[in-house]
Structure formats: C-alpha cells, structure tokens
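Just below is one structure, and these are the notes that go with it.
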Amino acid sequence: MAASKLGGFRYLLLLDTDGSALAIACLCFIKTPLDIFKPNSFIKWVRSFYPNFLMLTVLECGLPATSGCGFAIKPGADRWEVLKKIDDAITRESSILVLRDFLKKDEDLERLGYEQIPNLEETEIHIRWNSFDKYLASLRSGYRQSITKDLKKLQGVRIEHTNNFLNYTEQMLSLWKQTNCKAFEYDREMLNEEYFKGLENIALATLFWLDDKLVAFFISLSDASTLYPLWVGIDYEVNNKIPLVFGAYYETVKLAISLKKTKLVLGETTYEPKVRIGAQIVPLYMYLKIPKWKMLTKVLAFIARCATPCHLHMQRFVFKNN
C-alpha cells in the first residue's frame, strides 16, 4: 500500500520505551459525501456546479479493504493509554475523525468522546464442511439446484490459484475497474497497478480463464482460521453469458474448505449473491468525533444513523438446518 501511494494513505507509528512498535494506525484524508449511502439526484446536480457541496474532509483510520479496524496495539499494552495517545495524535491532524470497521461496541472510544455510527454490514460464512459436496448437500433444494445449474455453465472456465500473478496485474486492474464502476453503494479507494503488484507473494490470486483470456479474478488474504477474499474483478461482457460473479463466490467457499478455514469473510456490499450462498449479514460500526464540537458530533452521528441503509432484511435461510 505504501509503494502504491494509494489515496494518500499513511501510517501513524507509536514506539514503546524500548523502541519497539507499540501501536500502528492506517490513516487517510478522504472527502466523504454526506449522502454516500443514499445518493440524491438533486445533490448530484448541485455538485456538477459546486463539487464540494455537502462534502466533508475526514481523517479516517481504516484500511482500503475491510478486514478489521484500522489500528493495531501491541499485545499486553495498556489499551486505554495507547488509545489516548492515538486520539491525541490524530486530533491534531483534523477537525473530523472517523475510526472504521468495528464488530462491537468500544467503550474506550466512547470515553474519548466518539459516537458509534453504523457502517455497511459485513458478511461471513462459518465453514463447517470438509468438502464442497457436503456444503452443497447442506443447502435447501432451491439454492442447491441454482448453484448446480451455474456450475454447469462454468465448465468451460479454467480456474487457477497462484501467489505469482505479477504478469497479470494490468489485466486485473482493468477487471477490477469494471467491478468498481458497479459499486453504487460504496465507491471509495481507486486502486492502481502498483497496489496489485505489491500483493504478489503475500496474497493468493484465484484466476478465471476462458480459453487464454483472463475473465475474472479475486485475491485473498488469510490468517490461521479465516479467509478474506478482498479484491474482485469481473469481465461483465462475458458475465452476461457465463455466471462469473456467482462462480467467484462459489470458488471462495471451495477455497476456504480446501484451506481448512473455519470462517469466510466476504466483506461489505453486493449482498444478494452473498446471502444466496449462505452468508450471514453482520452489523459493522464506525466511530465519529469532532474534537472541538461535542454537540456537532452528536448531530452528525444522528444524521449518519438515519442515512445509512440497513440490509439485515436481505438475510436468507439457505441451509436445511436453519
């Protein structure tokens, strides 16, 4: 990320008394429209004349891809004392602060004057099968038949898993841009080719080939128990004939099972295909603070709670034991 100079992201590094890293935070100044989750045609028209209309310049503590909150603290350190130092450092940088991507309430941040606001929800599947066939067998018949039908259409597509994808980064960026253009709910960081190059050997790429043409991909990171497919690119002209989008999601399940992971995290947005394969929709939160204006923090938090759409109603019960 540092090599790609992506969107002005930079790091805040706190050092312990012995010179070792005490905490690290990923920061970025970003212009955020107040209507980010509920775009309004009138506001878009006004912005054609006044580009900064209802735009806030926010210092975000978060990652380009949602895979946890934007800061990490040394194990065993006094979390409260470290958070106070992080807050003091970023408060001097900006008048509006947003800390992204929390799965639960953070009382320490609330003590520091932050207000919890909703983010778009996370999606995840708890992996409890030792083969893809057993996953399919656990589905209700309608969902299983839909997947089986799609898999037959995908039989001409060759799938490759590799850590060495440097030769394909230009094609991957082009496919990612096609997908990003369709991200009407959430369109933020614009990736570049250097970003994809930097992922080689630390991430796993899953490539979808139709003859000799790369038509889709996703790139995953993982830890001991969880697989995170974080970047997806699709050739939508081919997708009109072959269900590449759904094929990519099916392959994430296959990959998580083959790697013996216990959880598959599929991220935010594009909820429909994710819930169709059994993903649970999980609330995700952010923390907002305007250091000099406590009341304005509460007002903006109220607006954010009203403006952020909730997708929990899209949850489907696709497994027999639901």
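Going by the structure tokens order, chains are called A, B, ..., each with residues numbered from 1, while ligands are numbered from 1 in the order shown.
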Could you pull out the residues in range 23-249 of chain A that DSSP calls alpha helix (DSSP H) from the backbone, as an MDAnalysis selection string? chainID A and resid 41:47 79:91 107:111 132:137 141:153 169:181 193:199 236:239 244:249
Just write the chosen residues, C-alpha atoms, as a CSV table (one decimal), in the first residue's frame.
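So the final result, stored in result_22.csv, reads:
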chain,number,residue,atom,x,y,z
A,41,SER,CA,-30.2,13.2,-8.0
A,42,PHE,CA,-30.7,16.8,-6.9
A,43,ILE,CA,-27.5,16.8,-4.8
A,44,LYS,CA,-25.6,15.2,-7.8
A,45,TRP,CA,-26.9,18.1,-10.0
A,46,VAL,CA,-25.8,20.7,-7.5
A,47,ARG,CA,-22.3,19.1,-7.3
A,79,ARG,CA,-5.1,-0.3,25.6
A,80,TRP,CA,-6.7,2.8,27.2
A,81,GLU,CA,-3.4,4.6,27.5
A,82,VAL,CA,-2.4,3.7,23.9
A,83,LEU,CA,-5.8,4.8,22.5
A,84,LYS,CA,-5.4,8.2,24.3
A,85,LYS,CA,-2.1,8.7,22.5
A,86,ILE,CA,-3.6,7.7,19.1
A,87,ASP,CA,-6.5,10.0,19.7
A,88,ASP,CA,-4.2,12.9,20.7
A,89,ALA,CA,-2.1,12.4,17.6
A,90,ILE,CA,-5.0,12.3,15.1
A,91,THR,CA,-6.9,15.1,16.8
A,107,GLU,CA,-16.3,1.7,25.4
A,108,ASP,CA,-12.8,3.1,25.4
A,109,LEU,CA,-13.5,5.2,22.3
A,110,GLU,CA,-16.8,6.4,23.8
A,111,ARG,CA,-14.9,7.5,26.9
A,132,PHE,CA,-17.8,-28.7,-1.3
A,133,ASP,CA,-20.1,-31.6,-2.0
A,134,LYS,CA,-21.1,-31.6,1.7
A,135,TYR,CA,-21.6,-27.9,1.5
A,136,LEU,CA,-24.0,-28.4,-1.4
A,137,ALA,CA,-25.8,-31.2,0.4
A,141,SER,CA,-33.0,-27.8,-2.7
A,142,GLY,CA,-33.8,-24.5,-4.5
A,143,TYR,CA,-30.4,-22.9,-3.7
A,144,ARG,CA,-28.6,-26.1,-4.4
A,145,GLN,CA,-30.2,-26.5,-7.8
A,146,SER,CA,-29.4,-22.9,-8.6
A,147,ILE,CA,-25.7,-23.4,-7.8
A,148,THR,CA,-25.6,-26.8,-9.7
A,149,LYS,CA,-27.0,-25.1,-12.8
A,150,ASP,CA,-24.5,-22.3,-12.6
A,151,LEU,CA,-21.6,-24.7,-12.2
A,152,LYS,CA,-22.6,-26.5,-15.4
A,153,LYS,CA,-22.4,-23.2,-17.3
A,169,THR,CA,-1.7,-7.1,-12.8
A,170,GLU,CA,-2.6,-4.9,-15.8
A,171,GLN,CA,-5.5,-7.2,-16.7
A,172,MET,CA,-6.5,-7.5,-13.1
A,173,LEU,CA,-6.7,-3.7,-12.7
A,174,SER,CA,-8.9,-3.4,-15.8
A,175,LEU,CA,-11.3,-6.1,-14.5
A,176,TRP,CA,-11.3,-4.5,-11.0
A,177,LYS,CA,-12.3,-1.2,-12.5
A,178,GLN,CA,-15.3,-2.8,-14.2
A,179,THR,CA,-16.4,-4.1,-10.9
A,180,ASN,CA,-15.7,-0.9,-9.1
A,181,CYS,CA,-17.9,1.0,-11.6
A,193,GLU,CA,-1.4,-1.4,-10.7
A,194,GLU,CA,1.3,-0.9,-8.1
A,195,TYR,CA,-1.2,-1.9,-5.4
A,196,PHE,CA,-1.8,-5.2,-7.1
A,197,LYS,CA,1.9,-5.8,-7.7
A,198,GLY,CA,2.6,-5.2,-4.0
A,199,LEU,CA,0.2,-8.1,-3.1
A,236,TYR,CA,-19.1,-8.2,-17.4
A,237,GLU,CA,-19.5,-8.8,-21.1
A,238,VAL,CA,-18.5,-12.4,-20.5
A,239,ASN,CA,-20.6,-12.5,-17.3
A,244,LEU,CA,-18.8,-15.4,-13.4
A,245,VAL,CA,-19.9,-13.3,-10.4
A,246,PHE,CA,-21.6,-16.3,-8.8
A,247,GLY,CA,-18.8,-18.6,-9.9
A,248,ALA,CA,-16.3,-16.4,-8.0
A,249,TYR,CA,-18.4,-16.7,-4.8
Neighbouring residues of Phe29 in chain A were defined as those with any atom within 10 Å, considering only C-alpha atoms; residues of the same chain fewer than 6 positions away were excluded. Please report them as a list in words.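 Contacts, with the query itself left out: Gly7, Gly8, Phe9, Arg10, Thr57, Val58, Leu59, Glu60, Cys61, Glu93, Ser94, Ile96 and Leu97 of chain A.
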Set the distance at 7 Å and use only C-alpha atoms: which residues neighbour range 202-216 of chain A once local chain neighbours fewer than 4 positions away are removed? I'd like the list as a short mmCIF file (atom, residue, chain, number, x, y, z; two decimals) with N, CA and C atoms, in the first residue's frame.
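The result, stored in around07.cif:
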data_model
loop_
_atom_site.label_atom_id
_atom_site.label_comp_id
_atom_site.auth_asym_id
_atom_site.auth_seq_id
_atom_site.Cartn_x
_atom_site.Cartn_y
_atom_site.Cartn_z
N GLY A 156 -16.57 -24.60 -18.89
CA GLY A 156 -15.52 -24.23 -19.85
C GLY A 156 -14.50 -23.25 -19.29
N VAL A 157 -14.68 -22.86 -18.04
CA VAL A 157 -13.77 -21.88 -17.41
C VAL A 157 -12.72 -22.62 -16.59
N ARG A 158 -11.46 -22.28 -16.83
CA ARG A 158 -10.36 -22.88 -16.07
C ARG A 158 -10.01 -21.99 -14.89
N ILE A 159 -9.86 -22.59 -13.72
CA ILE A 159 -9.59 -21.83 -12.50
C ILE A 159 -8.18 -22.17 -12.00
N GLU A 160 -7.44 -21.12 -11.69
CA GLU A 160 -6.04 -21.27 -11.25
C GLU A 160 -5.84 -20.49 -9.96
N HIS A 161 -5.15 -21.10 -8.99
CA HIS A 161 -4.76 -20.42 -7.75
C HIS A 161 -3.26 -20.21 -7.76
N THR A 162 -2.82 -18.97 -7.53
CA THR A 162 -1.39 -18.70 -7.60
C THR A 162 -1.00 -17.52 -6.70
N ASN A 163 0.24 -17.58 -6.19
CA ASN A 163 0.82 -16.44 -5.47
C ASN A 163 1.65 -15.56 -6.41
N LEU A 175 -10.07 -5.37 -14.93
CA LEU A 175 -11.25 -6.10 -14.48
C LEU A 175 -11.79 -5.51 -13.18
N SER A 220 -7.12 -13.09 -2.26
CA SER A 220 -7.45 -13.38 -0.86
C SER A 220 -6.25 -13.23 0.05
N LEU A 221 -6.52 -12.79 1.27
CA LEU A 221 -5.58 -12.87 2.38
C LEU A 221 -6.17 -13.85 3.39
N GLY A 233 -12.47 -8.82 -9.59
CA GLY A 233 -12.61 -8.20 -10.89
C GLY A 233 -13.36 -9.13 -11.83
N ILE A 234 -14.29 -8.58 -12.60
CA ILE A 234 -15.15 -9.38 -13.47
C ILE A 234 -15.23 -8.74 -14.85
N ASP A 235 -15.15 -9.55 -15.89
CA ASP A 235 -15.45 -9.11 -17.26
C ASP A 235 -16.97 -9.24 -17.44
N LEU A 244 -20.06 -15.53 -14.04
CA LEU A 244 -18.76 -15.39 -13.40
C LEU A 244 -18.85 -14.86 -11.98
#
Determine the nearest neighbour of Lys320 in chain A from the options A:Leu227, A:Leu296, A:Leu139, A:Val253, counting only C-alpha atoms.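 Closest residue, counting only C-alpha atoms: A:Leu139.
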